[in-house]
Amino acid sequence: MKYTTVTPKLDRIDLTQTGIAMFLGPRSADIMYLLWQEPATIKNVWKQLRTSDTMYTTIATTMNRLVVRGFLIRENIGSPRKATYHFVPTMTEAELIQFCIAFNIHCIQTSFNLTNSDLTNMLEAYLAT
(Lines give C-alpha, C1' and ligand atoms only; values in the text may rest on other atoms or scores of the structure.)
Protein backbone atom coordinates (compact mmCIF):
# COMPACT_ATOMS: atom_id res chain seq x y z
CA MET A 1 0.00 0.00 0.00
CA LYS A 2 2.90 2.37 -0.66
CA TYR A 3 1.75 5.76 -1.96
CA THR A 4 4.75 7.96 -1.40
CA THR A 5 8.47 8.10 -1.97
CA VAL A 6 9.00 10.02 1.27
CA THR A 7 10.81 7.85 3.79
CA PRO A 8 8.75 7.89 6.99
CA LYS A 9 10.50 9.48 9.93
CA LEU A 10 10.62 8.11 13.46
CA ASP A 11 12.38 10.24 16.02
CA ARG A 12 11.43 8.87 19.41
CA ILE A 13 10.59 5.86 21.50
CA ASP A 14 8.29 6.42 24.47
CA LEU A 15 8.59 3.38 26.71
CA THR A 16 5.55 4.46 28.73
CA GLN A 17 3.36 3.65 25.71
CA THR A 18 2.62 0.35 23.96
CA GLY A 19 2.30 -0.69 20.33
CA ILE A 20 2.73 1.94 17.65
CA ALA A 21 1.97 4.64 20.22
CA MET A 22 5.55 4.05 21.45
CA PHE A 23 6.81 5.47 18.15
CA LEU A 24 4.06 7.83 16.97
CA GLY A 25 2.39 8.92 20.20
CA PRO A 26 -1.09 7.93 21.41
CA ARG A 27 -3.11 10.43 19.36
CA SER A 28 -1.23 9.63 16.15
CA ALA A 29 -1.67 5.90 16.83
CA ASP A 30 -5.43 6.34 17.29
CA ILE A 31 -5.59 8.24 14.00
CA MET A 32 -3.61 5.56 12.16
CA TYR A 33 -5.88 2.78 13.48
CA LEU A 34 -8.94 4.66 12.19
CA LEU A 35 -7.40 5.36 8.79
CA TRP A 36 -6.32 1.74 8.34
CA GLN A 37 -10.03 0.90 8.41
CA GLU A 38 -10.79 3.46 5.68
CA PRO A 39 -9.44 6.80 4.44
CA ALA A 40 -11.18 9.78 6.02
CA THR A 41 -11.24 13.56 6.23
CA ILE A 42 -9.98 15.44 9.25
CA LYS A 43 -13.58 16.16 10.23
CA ASN A 44 -14.53 12.47 10.11
CA VAL A 45 -11.51 11.48 12.22
CA TRP A 46 -12.26 14.28 14.70
CA LYS A 47 -15.87 13.12 15.05
CA GLN A 48 -14.73 9.57 15.82
CA LEU A 49 -12.01 10.62 18.29
CA ARG A 50 -13.78 13.58 19.82
CA THR A 51 -13.70 13.87 23.57
CA SER A 52 -14.35 16.88 25.75
CA ASP A 53 -10.74 18.02 25.41
CA THR A 54 -10.01 17.09 21.76
CA MET A 55 -10.10 20.14 19.51
CA TYR A 56 -10.59 19.90 15.74
CA THR A 57 -7.37 21.88 15.24
CA THR A 58 -5.44 19.37 17.37
CA ILE A 59 -6.55 16.49 15.13
CA ALA A 60 -5.81 18.57 12.00
CA THR A 61 -2.33 19.44 13.24
CA THR A 62 -1.58 15.83 14.18
CA MET A 63 -2.77 14.50 10.81
CA ASN A 64 -0.78 17.10 8.89
CA ARG A 65 2.32 16.21 10.93
CA LEU A 66 1.79 12.57 9.99
CA VAL A 67 1.81 13.70 6.35
CA VAL A 68 5.07 15.62 6.83
CA ARG A 69 6.61 12.62 8.62
CA GLY A 70 5.62 10.34 5.70
CA PHE A 71 2.96 8.19 7.40
CA LEU A 72 -0.08 9.69 5.62
CA ILE A 73 -0.84 11.27 2.27
CA ARG A 74 -3.59 13.72 1.39
CA GLU A 75 -5.81 12.95 -1.59
CA ASN A 76 -8.01 15.75 -2.92
CA ILE A 77 -11.52 14.35 -3.36
CA GLY A 78 -13.12 17.75 -3.94
CA SER A 79 -12.93 20.24 -6.75
CA PRO A 80 -9.82 22.36 -7.37
CA ARG A 81 -11.72 25.40 -6.08
CA LYS A 82 -13.00 23.72 -2.92
CA ALA A 83 -10.50 21.11 -1.82
CA THR A 84 -11.62 18.29 0.43
CA TYR A 85 -8.91 15.89 1.49
CA HIS A 86 -9.02 12.24 2.41
CA PHE A 87 -6.03 11.09 4.41
CA VAL A 88 -4.58 7.69 3.53
CA PRO A 89 -1.85 5.71 5.34
CA THR A 90 1.33 5.20 3.31
CA MET A 91 1.80 1.71 4.74
CA THR A 92 -0.26 -1.05 6.27
CA GLU A 93 -0.20 -1.74 9.99
CA ALA A 94 2.09 -4.74 9.41
CA GLU A 95 4.48 -2.60 7.34
CA LEU A 96 4.58 0.04 10.08
CA ILE A 97 5.34 -2.59 12.71
CA GLN A 98 8.18 -3.89 10.54
CA PHE A 99 9.42 -0.31 10.08
CA CYS A 100 9.40 0.22 13.87
CA ILE A 101 11.33 -3.00 14.44
CA ALA A 102 13.94 -1.94 11.87
CA PHE A 103 14.17 1.47 13.56
CA ASN A 104 14.82 -0.19 16.94
CA ILE A 105 17.46 -2.50 15.52
CA HIS A 106 19.18 0.40 13.77
CA CYS A 107 19.20 2.45 17.00
CA ILE A 108 20.68 -0.45 18.97
CA GLN A 109 23.27 -1.26 16.32
CA THR A 110 24.49 2.33 15.99
CA SER A 111 24.32 3.10 19.73
CA PHE A 112 26.47 0.09 20.64
CA ASN A 113 28.60 0.19 17.47
CA LEU A 114 27.71 -3.41 16.59
CA THR A 115 28.70 -5.09 13.36
CA ASN A 116 26.04 -6.94 11.38
CA SER A 117 27.63 -10.20 12.51
CA ASP A 118 27.54 -9.18 16.20
CA LEU A 119 23.93 -8.09 15.89
CA THR A 120 22.93 -11.29 14.09
CA ASN A 121 24.56 -13.43 16.79
CA MET A 122 22.83 -11.49 19.55
CA LEU A 123 19.43 -11.70 17.83
CA GLU A 124 19.84 -15.43 17.24
CA ALA A 125 20.76 -15.94 20.89
CA TYR A 126 17.75 -13.92 21.99
CA LEU A 127 15.36 -15.78 19.71
CA ALA A 128 16.71 -19.14 20.92
CA THR A 129 15.63 -18.38 24.51
# chains A, B, ... in the order shown; residues from 1 in each chain; ligands from 1
$ closest_atom_pairs --of "range 31-113 of chain A" --to "range 8-20 of chain A" --cutoff "12 Å" --atoms "only C-alpha atoms" --output "CSV"
residue,atom,partner,partner_atom,distance
A:Ile31,CA,A:Ile20,CA,11.1
A:Met32,CA,A:Ile20,CA,9.1
A:Tyr33,CA,A:Ile20,CA,9.6
A:Arg65,CA,A:Lys9,CA,10.6
A:Leu66,CA,A:Pro8,CA,8.9
A:Val67,CA,A:Pro8,CA,9.1
A:Val68,CA,A:Pro8,CA,8.6
A:Arg69,CA,A:Lys9,CA,5.2
A:Gly70,CA,A:Pro8,CA,4.2
A:Phe71,CA,A:Pro8,CA,5.8
A:Leu72,CA,A:Pro8,CA,9.1
A:Ile73,CA,A:Pro8,CA,11.2
A:Pro89,CA,A:Pro8,CA,10.9
A:Thr90,CA,A:Pro8,CA,8.7
A:Met91,CA,A:Pro8,CA,9.6
A:Glu93,CA,A:Ile20,CA,9.0
A:Ala94,CA,A:Ile20,CA,10.6
A:Glu95,CA,A:Pro8,CA,11.3
A:Leu96,CA,A:Ile20,CA,8.0
A:Ile97,CA,A:Ile20,CA,7.2
A:Gln98,CA,A:Ile20,CA,10.7
A:Phe99,CA,A:Pro8,CA,8.8
A:Cys100,CA,A:Ile20,CA,7.9
A:Ile101,CA,A:Ile20,CA,10.4
A:Ala102,CA,A:Leu10,CA,10.7
A:Phe103,CA,A:Leu10,CA,7.5
A:Asn104,CA,A:Ile13,CA,8.7
A:His106,CA,A:Leu10,CA,11.5
A:Cys107,CA,A:Ile13,CA,10.3
$ select_by_dssp --residues "chain A" --states "helix (DSSP H, G or I)" --output "ChimeraX atom specification"
/A:21-24,26-37,42-49,56-68,93-111,116-128
$ atom_distance --atom1 "CA of Leu49 in chain A" --atom2 "CA of Asp30 in chain A"
7.9 Å
$ closest_residue --among "A:Thr58, A:Gln109, A:Gly78, A:Tyr126" --to "Trp46 in chain A" --atoms "only C-alpha atoms"
A:Thr58
$ closest_residue --among "A:Gln48, A:Thr62, A:Gln37, A:Thr7" --to "Gly25 in chain A" --atoms "only C-alpha atoms"
A:Thr62
